[in-house]
>>> print(open('protein_12.csv').read())   # CSV, C-alpha atoms and all ligand atoms
chain,number,residue,atom,x,y,z
A,1165,MET,CA,-14.5,2.3,6.1
A,1166,VAL,CA,-12.7,1.9,2.8
A,1167,ASN,CA,-11.8,4.9,0.6
A,1168,SER,CA,-12.2,4.5,-2.3
A,1169,CYS,CA,-14.5,1.5,-2.9
A,1170,ALA,CA,-14.8,2.7,-6.5
A,1171,GLY,CA,-11.1,1.9,-7.1
A,1172,LYS,CA,-9.6,-1.6,-7.7
A,1173,MET,CA,-7.8,-2.0,-4.3
A,1174,GLY,CA,-10.5,-0.2,-2.4
A,1175,HIS,CA,-13.1,-2.6,-3.8
A,1176,ALA,CA,-11.0,-5.7,-3.1
A,1177,THR,CA,-10.4,-4.5,0.5
A,1178,ALA,CA,-14.0,-3.8,1.1
A,1179,GLU,CA,-14.8,-7.3,0.0
A,1180,ALA,CA,-12.1,-8.7,2.4
A,1181,VAL,CA,-13.7,-6.6,5.2
A,1182,VAL,CA,-17.0,-8.4,4.6
A,1183,ARG,CA,-15.3,-11.8,4.3
A,1184,ALA,CA,-13.6,-11.2,7.7
A,1185,GLY,CA,-17.0,-10.7,9.3
A,1186,LEU,CA,-16.3,-7.0,10.1
A,1187,THR,CA,-18.8,-4.2,9.6
A,1188,LEU,CA,-18.2,-2.4,6.4
A,1189,VAL,CA,-19.2,1.3,6.7
A,1190,PRO,CA,-21.6,1.8,3.8
A,1191,TYR,CA,-19.9,5.1,2.8
A,1192,SER,CA,-16.7,5.6,0.9
A,1193,LEU,CA,-14.8,8.9,0.2
A,1194,THR,CA,-13.9,9.2,-3.4
A,1195,GLY,CA,-13.1,11.7,-6.2
A,1196,GLU,CA,-15.8,14.1,-7.2
A,1197,SER,CA,-16.3,12.6,-10.7
A,1198,GLU,CA,-17.0,9.2,-9.3
A,1199,ALA,CA,-19.3,10.5,-6.6
A,1200,VAL,CA,-21.4,12.4,-9.1
A,1201,ALA,CA,-21.3,9.9,-12.0
A,1202,VAL,CA,-21.7,6.6,-10.1
A,1203,GLY,CA,-23.4,7.5,-6.8
A,1204,ASN,CA,-22.9,4.1,-5.1
A,1205,VAL,CA,-21.1,0.8,-5.6
A,1206,GLY,CA,-22.1,-2.7,-4.6
A,1207,VAL,CA,-19.7,-4.6,-2.3
A,1208,SER,CA,-20.7,-8.2,-1.7
A,1209,GLY,CA,-24.3,-7.1,-2.0
A,1210,ILE,CA,-23.9,-4.0,0.3
A,1211,PRO,CA,-24.6,-0.7,-1.4
A,1212,VAL,CA,-21.8,1.7,-0.5
A,1213,GLU,CA,-22.5,5.4,-1.0
A,1214,LEU,CA,-19.7,7.4,-2.6
A,1215,VAL,CA,-19.0,10.7,-1.0
A,1216,GLY,CA,-17.0,13.4,-2.9
A,1217,PRO,CA,-14.5,15.8,-1.4
A,1218,GLU,CA,-17.1,18.6,-1.1
A,1219,LYS,CA,-19.4,16.6,1.2
A,1220,ARG,CA,-16.8,14.6,3.2
A,1221,GLN,CA,-16.7,16.8,6.3
A,1222,GLN,CA,-20.4,16.7,6.8
A,1223,ALA,CA,-20.5,13.0,6.1
A,1224,ILE,CA,-17.6,12.0,8.4
A,1225,GLU,CA,-19.3,13.7,11.4
A,1226,LYS,CA,-22.3,11.5,11.0
A,1227,ILE,CA,-20.3,8.4,10.3
A,1228,LYS,CA,-18.1,9.0,13.4
A,1229,SER,CA,-21.1,9.2,15.7
A,1230,GLU,CA,-22.7,6.0,14.1
A,1231,TYR,CA,-19.4,4.0,14.1
A,1232,PRO,CA,-17.4,4.8,17.2
A,1233,ASP,CA,-14.8,2.0,16.5
A,1234,LEU,CA,-14.2,3.4,13.0
A,1235,VAL,CA,-10.9,2.6,11.3
A,1236,LEU,CA,-10.4,4.0,7.8
A,1237,VAL,CA,-8.5,2.5,4.9
A,1238,ASP,CA,-7.1,4.6,2.1
A,1239,TYR,CA,-6.5,3.2,-1.4
A,1240,THR,CA,-6.8,6.3,-3.5
A,1241,LEU,CA,-4.2,8.1,-5.6
A,1242,PRO,CA,-0.7,9.5,-5.0
A,1243,SER,CA,-2.0,13.0,-5.9
A,1244,VAL,CA,-4.6,13.0,-3.1
A,1245,LEU,CA,-3.1,10.9,-0.3
A,1246,ASN,CA,-1.4,13.8,1.5
A,1247,GLY,CA,-4.7,15.8,1.6
A,1248,ASN,CA,-6.6,12.7,2.7
A,1249,ALA,CA,-4.2,12.0,5.5
A,1250,GLU,CA,-4.4,15.6,6.7
A,1251,PHE,CA,-8.2,15.2,6.7
A,1252,TYR,CA,-8.0,12.0,8.7
A,1253,CYS,CA,-5.6,13.5,11.2
A,1254,GLU,CA,-7.6,16.7,11.7
A,1255,ASN,CA,-10.7,14.6,12.4
A,1256,LYS,CA,-8.8,12.1,14.7
A,1257,LEU,CA,-9.6,9.2,12.4
A,1258,PRO,CA,-7.3,6.2,12.7
A,1259,PHE,CA,-6.3,4.9,9.3
A,1260,VAL,CA,-4.4,2.3,7.3
A,1261,MET,CA,-2.7,4.0,4.3
A,1262,GLY,CA,-2.1,1.6,1.4
A,1263,THR,CA,-1.8,4.3,-1.2
A,1264,THR,CA,1.7,4.7,-2.5
A,1265,GLY,CA,3.6,7.8,-3.8
A,1266,GLY,CA,2.8,11.3,-2.7
A,1267,ASP,CA,5.1,13.1,-0.3
A,1268,ARG,CA,6.1,10.3,2.1
A,1269,ASP,CA,8.1,12.5,4.4
A,1270,LYS,CA,5.2,14.9,4.8
A,1271,LEU,CA,2.8,12.0,5.3
A,1272,LEU,CA,4.9,10.6,8.2
A,1273,ALA,CA,5.5,14.1,9.7
A,1274,ASP,CA,1.8,15.0,9.6
A,1275,VAL,CA,0.8,11.8,11.3
A,1276,LYS,CA,3.5,12.1,14.0
A,1277,ALA,CA,2.6,15.8,14.7
A,1278,SER,CA,-1.1,15.0,15.0
A,1279,GLY,CA,-0.8,12.1,17.4
A,1280,ASN,CA,-3.2,10.1,15.2
A,1281,TYR,CA,-3.1,6.3,15.0
A,1282,ALA,CA,-2.0,4.9,11.6
A,1283,VAL,CA,-0.5,2.0,9.7
A,1284,ILE,CA,1.3,3.2,6.6
A,1285,ALA,CA,3.0,0.8,4.2
A,1286,PRO,CA,3.5,0.4,0.4
A,1287,ASN,CA,2.7,-3.3,0.6
A,1288,MET,CA,0.2,-5.2,2.8
A,1289,GLY,CA,0.8,-8.7,1.4
A,1290,LYS,CA,2.0,-10.9,4.3
A,1291,GLN,CA,4.6,-12.8,2.3
A,1292,ILE,CA,5.9,-9.7,0.6
A,1293,VAL,CA,6.1,-7.9,3.9
A,1294,ALA,CA,8.1,-10.9,5.2
A,1295,PHE,CA,10.5,-10.5,2.2
A,1296,GLN,CA,10.9,-6.8,3.0
A,1297,THR,CA,11.6,-7.7,6.6
A,1298,MET,CA,14.2,-10.2,5.6
A,1299,MET,CA,15.9,-7.6,3.3
A,1300,GLU,CA,15.9,-5.1,6.1
A,1301,LEU,CA,17.4,-7.6,8.6
A,1302,MET,CA,20.1,-8.5,6.1
A,1303,ALA,CA,21.0,-4.9,5.7
A,1304,GLU,CA,21.2,-4.5,9.5
A,1305,GLN,CA,23.2,-7.7,10.0
A,1306,PHE,CA,25.5,-7.3,7.0
A,1307,PRO,CA,25.8,-3.7,6.1
A,1308,GLY,CA,27.9,-3.2,2.9
A,1309,CYS,CA,27.7,-7.0,2.1
A,1310,PHE,CA,27.1,-6.2,-1.6
A,1311,SER,CA,29.7,-3.4,-2.0
A,1312,GLY,CA,31.0,-3.2,-5.6
A,1313,TYR,CA,28.0,-5.1,-7.0
A,1314,LYS,CA,25.6,-3.6,-9.5
A,1315,LEU,CA,21.8,-3.5,-8.9
A,1316,HIS,CA,19.0,-3.5,-11.4
A,1317,VAL,CA,15.4,-3.3,-10.4
A,1318,ALA,CA,12.5,-3.9,-12.8
A,1319,GLU,CA,8.8,-3.6,-11.7
A,1320,SER,CA,5.8,-4.3,-13.9
A,1321,HIS,CA,2.2,-3.2,-13.0
A,1322,GLN,CA,-1.0,-2.5,-14.8
A,1323,ARG,CA,-0.8,0.5,-17.2
A,1324,THR,CA,-3.1,2.6,-15.0
A,1325,LYS,CA,-0.5,2.7,-12.2
A,1326,VAL,CA,0.8,6.2,-12.2
A,1327,ASP,CA,3.8,6.0,-9.8
A,1328,THR,CA,6.8,3.8,-9.4
A,1329,SER,CA,6.3,0.8,-7.2
A,1330,GLY,CA,6.4,1.9,-3.5
A,1331,THR,CA,7.5,-1.6,-2.6
A,1332,ALA,CA,10.5,-1.4,-4.9
A,1333,LYS,CA,11.5,1.9,-3.4
A,1334,ALA,CA,11.4,0.5,0.1
A,1335,VAL,CA,13.5,-2.6,-0.9
A,1336,VAL,CA,16.0,-0.3,-2.7
A,1337,GLN,CA,16.5,1.5,0.7
A,1338,SER,CA,17.6,-1.9,2.2
A,1339,PHE,CA,19.9,-2.6,-0.7
A,1340,ASN,CA,21.5,0.9,-0.3
A,1341,LYS,CA,22.4,-0.1,3.2
A,1342,MET,CA,24.0,-3.3,1.8
A,1343,GLY,CA,26.4,-1.2,-0.2
A,1344,LEU,CA,24.5,-0.8,-3.5
A,1345,PRO,CA,24.1,2.8,-4.5
A,1346,TYR,CA,20.8,3.0,-6.4
A,1347,THR,CA,18.2,5.7,-6.7
A,1348,GLU,CA,14.4,5.5,-7.0
A,1349,GLU,CA,14.7,7.1,-10.4
A,1350,GLU,CA,16.7,4.2,-11.7
A,1351,ILE,CA,14.0,1.7,-11.0
A,1352,GLU,CA,12.7,0.4,-14.4
A,1353,LYS,CA,8.9,0.8,-14.8
A,1354,VAL,CA,7.6,-1.8,-17.2
A,1355,ARG,CA,4.2,-0.7,-18.5
A,1356,THR,CA,4.0,-2.1,-22.1
A,1357,VAL,CA,2.1,-5.3,-22.7
A,1358,ASP,CA,4.8,-6.9,-24.9
A,1359,GLU,CA,7.4,-6.5,-22.3
A,1360,GLN,CA,5.1,-7.5,-19.5
A,1361,VAL,CA,4.2,-10.7,-21.1
A,1362,GLY,CA,7.4,-11.4,-23.0
A,1363,ARG,CA,10.1,-10.4,-20.6
A,1364,MET,CA,8.5,-10.3,-17.2
A,1365,GLY,CA,6.3,-13.4,-17.7
A,1366,VAL,CA,3.0,-11.7,-16.6
A,1367,PRO,CA,0.0,-14.0,-17.6
A,1368,GLU,CA,-2.0,-12.2,-20.2
A,1369,GLN,CA,-5.2,-12.2,-18.1
A,1370,TRP,CA,-3.5,-10.2,-15.3
A,1371,VAL,CA,-1.9,-7.5,-17.5
A,1372,ASP,CA,-4.7,-5.0,-17.0
A,1373,ALA,CA,-6.6,-6.8,-14.3
A,1374,GLY,CA,-3.8,-6.0,-11.8
A,1375,HIS,CA,-0.4,-7.5,-11.3
A,1376,ALA,CA,2.8,-6.6,-9.4
A,1377,PHE,CA,6.0,-8.3,-10.7
A,1378,HIS,CA,9.3,-7.2,-9.2
A,1379,THR,CA,12.8,-8.5,-10.0
A,1380,TYR,CA,15.9,-7.3,-8.2
A,1381,THR,CA,19.2,-8.4,-9.9
A,1382,LEU,CA,22.5,-8.1,-8.1
A,1383,THR,CA,25.7,-8.7,-10.2
A,1384,SER,CA,29.3,-8.9,-9.0
A,1385,PRO,CA,31.9,-6.6,-10.6
A,1386,ASP,CA,33.2,-9.3,-13.0
A,1387,GLY,CA,29.8,-10.8,-13.7
A,1388,SER,CA,30.7,-14.2,-12.2
A,1389,VAL,CA,28.1,-14.0,-9.4
A,1390,VAL,CA,24.5,-13.1,-9.9
A,1391,LEU,CA,21.7,-13.1,-7.3
A,1392,GLU,CA,18.1,-12.5,-8.3
A,1393,PHE,CA,15.1,-11.9,-6.0
A,1394,LYS,CA,11.6,-11.9,-7.4
A,1395,HIS,CA,8.1,-11.4,-6.0
A,1396,ASN,CA,5.3,-11.8,-8.5
A,1397,VAL,CA,1.7,-11.2,-7.6
A,1398,CYS,CA,-1.4,-11.6,-9.7
A,1399,GLY,CA,-4.6,-9.9,-8.5
A,1400,ARG,CA,-5.2,-8.0,-5.3
A,1401,GLU,CA,-6.4,-10.4,-2.7
A,1402,VAL,CA,-3.1,-10.8,-0.8
A,1403,TYR,CA,-3.0,-7.0,-0.2
A,1404,ALA,CA,-6.7,-6.8,0.7
A,1405,GLU,CA,-6.4,-9.5,3.3
A,1406,GLY,CA,-3.3,-7.9,4.8
A,1407,THR,CA,-5.1,-4.6,5.0
A,1408,VAL,CA,-7.8,-6.1,7.1
A,1409,ASP,CA,-5.1,-7.5,9.4
A,1410,ALA,CA,-3.6,-4.0,9.7
A,1411,ALA,CA,-7.0,-2.5,10.5
A,1412,ILE,CA,-7.7,-5.1,13.2
A,1413,PHE,CA,-4.2,-4.6,14.6
A,1414,LEU,CA,-4.6,-0.8,14.7
A,1415,HIS,CA,-7.9,-1.1,16.5
A,1416,ARG,CA,-6.2,-3.3,19.2
A,1417,GLN,CA,-3.4,-0.7,19.6
A,1418,ILE,CA,-6.0,2.0,20.1
A,1419,LYS,CA,-7.8,0.0,22.8
A,1420,ALA,CA,-4.5,-0.9,24.5
A,1421,GLY,CA,-3.6,2.9,24.5
A,1422,GLY,CA,0.1,2.2,23.9
A,1423,GLU,CA,2.5,5.1,23.3
A,1424,GLN,CA,3.4,4.1,19.7
A,1425,ARG,CA,0.8,5.4,17.3
A,1426,LEU,CA,2.5,5.1,13.9
A,1427,PHE,CA,3.2,1.7,12.5
A,1428,ASN,CA,4.2,0.0,9.3
A,1429,MET,CA,3.5,-3.5,8.1
A,1430,ILE,CA,6.7,-4.9,9.5
A,1431,ASP,CA,5.3,-3.9,12.9
A,1432,VAL,CA,2.0,-5.7,12.1
A,1433,LEU,CA,3.8,-8.9,10.9
A,1434,SER,CA,6.3,-8.8,13.8
A,1435,ALA,CA,3.4,-8.6,16.3
A,1436,GLY,CA,2.0,-11.9,14.9
A,1437,ALA,CA,-1.1,-10.0,13.7
A,1438,MET,CA,-1.3,-11.4,10.1
A,1439,ARG,CA,-3.5,-14.3,9.5
A,1501,LIG,N1,-0.1,-1.1,0.0
A,1501,LIG,C1,-0.5,-2.0,-0.8
A,1501,LIG,O1,-0.4,-3.2,-0.5
A,1501,LIG,C2,-1.0,-1.7,-2.2
A,1501,LIG,C3,-1.0,-0.4,-2.6
A,1501,LIG,N2,-1.6,-0.1,-3.8
A,1501,LIG,C4,-1.7,1.3,-4.1
A,1501,LIG,O2,-3.0,1.7,-3.9
A,1501,LIG,C5,-3.3,2.8,-4.7
A,1501,LIG,C6,-4.6,2.6,-5.4
A,1501,LIG,O3,-4.5,1.6,-6.4
A,1501,LIG,P1,-5.7,1.2,-7.3
A,1501,LIG,O4,-6.8,0.8,-6.5
A,1501,LIG,O5,-5.1,0.2,-8.3
A,1501,LIG,O6,-6.0,2.5,-8.1
A,1501,LIG,P2,-7.4,2.9,-8.8
A,1501,LIG,O7,-7.1,4.0,-9.8
A,1501,LIG,O8,-8.2,1.8,-9.2
A,1501,LIG,O9,-8.3,3.6,-7.6
A,1501,LIG,C7,-8.1,4.9,-7.0
A,1501,LIG,C8,-9.4,5.4,-6.6
A,1501,LIG,O10,-9.2,6.6,-5.8
A,1501,LIG,C9,-10.3,7.5,-6.2
A,1501,LIG,N3,-10.0,8.9,-5.8
A,1501,LIG,C10,-9.6,10.0,-6.5
A,1501,LIG,N4,-9.5,11.1,-5.8
A,1501,LIG,C11,-10.0,10.7,-4.5
A,1501,LIG,C12,-10.1,11.5,-3.3
A,1501,LIG,N5,-9.9,12.8,-3.2
A,1501,LIG,N6,-10.5,10.8,-2.2
A,1501,LIG,C13,-10.8,9.5,-2.3
A,1501,LIG,N7,-10.7,8.8,-3.4
A,1501,LIG,C14,-10.2,9.4,-4.5
A,1501,LIG,C15,-10.3,7.4,-7.7
A,1501,LIG,O11,-11.5,7.9,-8.2
A,1501,LIG,P3,-11.5,8.7,-9.6
A,1501,LIG,O12,-11.5,7.7,-10.6
A,1501,LIG,O13,-12.8,9.5,-9.5
A,1501,LIG,O14,-10.4,9.7,-9.6
A,1501,LIG,C16,-10.3,5.9,-7.8
A,1501,LIG,O15,-11.5,5.3,-7.7
A,1501,LIG,C17,-2.1,3.1,-5.6
A,1501,LIG,O16,-1.3,4.0,-4.9
A,1501,LIG,C18,-1.4,1.7,-5.5
A,1501,LIG,O17,0.0,1.8,-5.7
A,1501,LIG,C19,-2.1,-1.1,-4.6
A,1501,LIG,C20,-2.0,-2.4,-4.3
A,1501,LIG,C21,-1.4,-2.8,-3.0
A,1502,LIG,O1,-0.4,-0.4,-7.7
A,1502,LIG,C1,-0.3,-1.6,-7.5
A,1502,LIG,O2,-0.9,-2.5,-8.1
A,1502,LIG,C2,0.6,-2.0,-6.4
A,1502,LIG,N1,1.1,-1.0,-5.7
A,1502,LIG,C3,2.0,-1.2,-4.6
A,1502,LIG,C4,3.4,-0.6,-4.8
A,1502,LIG,O3,3.4,0.5,-5.5
A,1502,LIG,O4,4.4,-1.1,-4.4
A,1502,LIG,C5,2.1,-2.6,-4.1
A,1502,LIG,C6,2.1,-3.6,-5.2
A,1502,LIG,O5,3.2,-3.5,-6.0
A,1502,LIG,C7,0.8,-3.4,-6.1
>>> encode(input="protein_12.csv", output="C-alpha cells", more="lines below")
Ligand SMILES: NC(=O)C1=CN([C@@H]2O[C@H](COP(=O)(O)OP(=O)(O)OC[C@H]3O[C@@H](n4cnc5c(N)ncnc54)[C@H](OP(=O)(O)O)[C@@H]3O)[C@@H](O)[C@H]2O)C=CC1
Ligand SMILES: O=C(O)C1=N[C@H](C(=O)O)C[C@H](O)C1
Amino acid sequence: MVNSCAGKMGHATAEAVVRAGLTLVPYSLTGESEAVAVGNVGVSGIPVELVGPEKRQQAIEKIKSEYPDLVLVDYTLPSVLNGNAEFYCENKLPFVMGTTGGDRDKLLADVKASGNYAVIAPNMGKQIVAFQTMMELMAEQFPGCFSGYKLHVAESHQRTKVDTSGTAKAVVQSFNKMGLPYTEEEIEKVRTVDEQVGRMGVPEQWVDAGHAFHTYTLTSPDGSVVLEFKHNVCGREVYAEGTVDAAIFLHRQIKAGGEQRLFNMIDVLSAGAMR
C-alpha cells in the first residue's frame, strides 16, 4: 500500500509495485485536500482510492483484514511523516519510509519503542545506496583521512522540494567522521532554474519533472588537491524500484521473525536484496 499515490514518488512507486507483479492495495492515505478534490488516482489502470486523515483509522482496519501481508510505503511530506509513522506503529503496520526531513530522531525512537518493523532511508536507489555504503566504510576504515580539507556540498532538486536533501545530510555525516566539520545548514540548496541548468548541468526536461543532482567537493588546505564526488539522477524510477526491494525485504524479515526490526537501505543492499 503506497501513501501517497497522489504524489510524484508515491505514484512512481505504485507503478513499480505493479511492474513487480505484487498486489497494489487500491487505497492510499493522502492529505485531506487531495482526498476531497481528486477522490482517486489511476495507477497502471488500477483505480486507487485516496483516503484523507479523517477516515484513515476506519479504512486501515478494513484494509488490514483484507490484506494480511500488508506492507506500507510512505512518500508524503516532511511535515506529516512523524504523525504518519506514529499511526503505522500504533496500528502495527510494517512500513518503508522514503519521506525525508521531519524529526528523524523521533522517528527512529518511535519505531524502536513500538517494536514495529520498518525500513527507513533517505535514498532507495541501489547505486546511490552503494555510494553511501562506500562513504560510510571509508569513514570507518580511515577516520580523519580528510582532516584539514574543506568540504562544499551542493544539491539540486525540483522547486517543490521543501527540505534539504536527506541523502546529502546522510553523506555529510560520513564526511564528518573523515575529519571534515560541516553542518546540514551549510549544504547549498540549488532551486533556481538558471543555476540548475547552467551550473549543475540538469537537463531542462528534468528541472520540474524531478531530479536529484548532488556534488561533494573536498579541497586540500592549499588548494593543490581536489576530490569531487557526484551522483546525478533524472526521474524517480531508481528510487521506486529500490522501494519495492525494501518492501519485499521487510516482508521476508517479518516472516523470518528475526530480532532486528528496524532497518535502513544499507541493510537491504548488504543482504543482497536489491534487484
Ligand atoms: N527515499 C528516497 O529514495 C526518496 C525520497 N523522496 C522523498 O519523498 C518525499 C515525497 O516526495 P514527492 O513525491 O516528490 O513529493 P510530492 O509533493 O509530489 O508528494 C507528497 C504527497 O503527500 C501527500 N500528503 C500530504 N499530507 C499527507 C498525509 N497526511 N498523509 C499522506 N499523504 C499526505 C501530498 O498531498 P497534498 O498535495 O494534498 O498535500 C502529496 O500528494 C519527499 O520527502 C522526498 O524528499 C523522494 C525521492 C526519493
Ligand atoms: O525529493 C527528492 O526528489 C529526493 N529526495 C531524497 C533526498 O532528500 O535525499 C532522495 C533524492 O535526493 C530525491
>>> atom_distance(input="protein_12.csv", atom1="atom C19 of ligand LIG 1501 (chain A)", atom2="atom CA of Leu1272 of chain A")
18.7 Å
>>> residues_around(input="protein_12.csv", residues="Gly1330 of chain A", least_positions_apart="5", cutoff="8 Å", atoms="only C-alpha atoms", output="list in words")
Thr1264, Gly1265, Pro1286 and Asn1287 of chain A
>>> closest_residue(input="protein_12.csv", among="A:Arg1183, A:Lys1394, A:Lys1314, A:Lys1270", to="ligand LIG 1502 (chain A)", atoms="only C-alpha atoms and all ligand atoms")
A:Lys1394
>>> residues_around(input="protein_12.csv", residues="segment 1331-1336 of chain A", least_positions_apart="6", cutoff="8 Å", atoms="only C-alpha atoms", output="CSV table (one decimal) with C-alpha atoms, in the coordinates of the input")
chain,number,residue,atom,x,y,z
A,1286,PRO,CA,3.5,0.4,0.4
A,1287,ASN,CA,2.7,-3.3,0.6
A,1296,GLN,CA,10.9,-6.8,3.0
A,1299,MET,CA,15.9,-7.6,3.3
A,1300,GLU,CA,15.9,-5.1,6.1
A,1317,VAL,CA,15.4,-3.3,-10.4
A,1319,GLU,CA,8.8,-3.6,-11.7
A,1346,TYR,CA,20.8,3.0,-6.4
A,1347,THR,CA,18.2,5.7,-6.7
A,1348,GLU,CA,14.4,5.5,-7.0
A,1351,ILE,CA,14.0,1.7,-11.0
A,1378,HIS,CA,9.3,-7.2,-9.2
>>> residues_around(input="protein_12.csv", residues="Gly1174 of chain A", least_positions_apart="2", cutoff="10 Å", atoms="only C-alpha atoms", output="count of residues only")
22
>>> closest_residue(input="protein_12.csv", among="A:Lys1256, A:Lys1341, A:Lys1325, A:Lys1219", to="Asp1233 of chain A", atoms="all atoms listed in the file")
A:Lys1256
>>> atom_distance(input="protein_12.csv", atom1="atom CA of Val1244 of chain A", atom2="atom O13 of ligand LIG 1501 (chain A)")
11.0 Å
>>> decode(input="protein_12.csv", residues="segment 1326-1339 of chain A", atoms="N, CA, C and O atoms", output="PDB file, in the first residue's frame")
ATOM      1  N   VAL A1326      10.671  20.691  -0.405  1.00  0.00           N
ATOM      2  CA  VAL A1326      10.661  21.687   0.668  1.00  0.00           C
ATOM      3  C   VAL A1326      11.878  21.592   1.588  1.00  0.00           C
ATOM      4  O   VAL A1326      12.262  22.570   2.227  1.00  0.00           O
ATOM      5  N   ASP A1327      12.467  20.400   1.681  1.00  0.00           N
ATOM      6  CA  ASP A1327      13.564  20.231   2.649  1.00  0.00           C
ATOM      7  C   ASP A1327      14.913  20.125   1.932  1.00  0.00           C
ATOM      8  O   ASP A1327      14.986  20.020   0.714  1.00  0.00           O
ATOM      9  N   THR A1328      15.976  20.156   2.736  1.00  0.00           N
ATOM     10  CA  THR A1328      17.320  19.899   2.206  1.00  0.00           C
ATOM     11  C   THR A1328      17.451  18.399   1.956  1.00  0.00           C
ATOM     12  O   THR A1328      16.884  17.599   2.699  1.00  0.00           O
ATOM     13  N   SER A1329      18.208  18.019   0.937  1.00  0.00           N
ATOM     14  CA  SER A1329      18.373  16.606   0.600  1.00  0.00           C
ATOM     15  C   SER A1329      18.739  15.752   1.814  1.00  0.00           C
ATOM     16  O   SER A1329      19.761  15.977   2.478  1.00  0.00           O
ATOM     17  N   GLY A1330      17.911  14.735   2.062  1.00  0.00           N
ATOM     18  CA  GLY A1330      18.200  13.805   3.158  1.00  0.00           C
ATOM     19  C   GLY A1330      19.432  12.969   2.843  1.00  0.00           C
ATOM     20  O   GLY A1330      20.185  12.575   3.739  1.00  0.00           O
ATOM     21  N   THR A1331      19.646  12.706   1.560  1.00  0.00           N
ATOM     22  CA  THR A1331      20.824  11.927   1.145  1.00  0.00           C
ATOM     23  C   THR A1331      22.094  12.715   1.458  1.00  0.00           C
ATOM     24  O   THR A1331      23.057  12.167   2.011  1.00  0.00           O
ATOM     25  N   ALA A1332      22.083  14.000   1.082  1.00  0.00           N
ATOM     26  CA  ALA A1332      23.263  14.836   1.349  1.00  0.00           C
ATOM     27  C   ALA A1332      23.545  14.892   2.852  1.00  0.00           C
ATOM     28  O   ALA A1332      24.705  14.796   3.275  1.00  0.00           O
ATOM     29  N   LYS A1333      22.488  14.990   3.660  1.00  0.00           N
ATOM     30  CA  LYS A1333      22.684  15.037   5.121  1.00  0.00           C
ATOM     31  C   LYS A1333      23.362  13.758   5.604  1.00  0.00           C
ATOM     32  O   LYS A1333      24.251  13.796   6.454  1.00  0.00           O
ATOM     33  N   ALA A1334      22.920  12.618   5.056  1.00  0.00           N
ATOM     34  CA  ALA A1334      23.494  11.330   5.484  1.00  0.00           C
ATOM     35  C   ALA A1334      24.961  11.226   5.068  1.00  0.00           C
ATOM     36  O   ALA A1334      25.809  10.779   5.847  1.00  0.00           O
ATOM     37  N   VAL A1335      25.279  11.664   3.844  1.00  0.00           N
ATOM     38  CA  VAL A1335      26.663  11.576   3.359  1.00  0.00           C
ATOM     39  C   VAL A1335      27.562  12.531   4.160  1.00  0.00           C
ATOM     40  O   VAL A1335      28.712  12.187   4.482  1.00  0.00           O
ATOM     41  N   VAL A1336      27.012  13.684   4.522  1.00  0.00           N
ATOM     42  CA  VAL A1336      27.789  14.645   5.324  1.00  0.00           C
ATOM     43  C   VAL A1336      28.199  14.006   6.664  1.00  0.00           C
ATOM     44  O   VAL A1336      29.310  14.211   7.154  1.00  0.00           O
ATOM     45  N   GLN A1337      27.315  13.176   7.216  1.00  0.00           N
ATOM     46  CA  GLN A1337      27.666  12.503   8.487  1.00  0.00           C
ATOM     47  C   GLN A1337      28.902  11.622   8.313  1.00  0.00           C
ATOM     48  O   GLN A1337      29.759  11.546   9.197  1.00  0.00           O
ATOM     49  N   SER A1338      29.013  10.957   7.162  1.00  0.00           N
ATOM     50  CA  SER A1338      30.214  10.137   6.897  1.00  0.00           C
ATOM     51  C   SER A1338      31.432  11.048   6.746  1.00  0.00           C
ATOM     52  O   SER A1338      32.506  10.746   7.279  1.00  0.00           O
ATOM     53  N   PHE A1339      31.285  12.164   6.025  1.00  0.00           N
ATOM     54  CA  PHE A1339      32.413  13.091   5.843  1.00  0.00           C
ATOM     55  C   PHE A1339      32.862  13.662   7.195  1.00  0.00           C
ATOM     56  O   PHE A1339      34.048  13.872   7.412  1.00  0.00           O
TER      57      PHE A1339
END
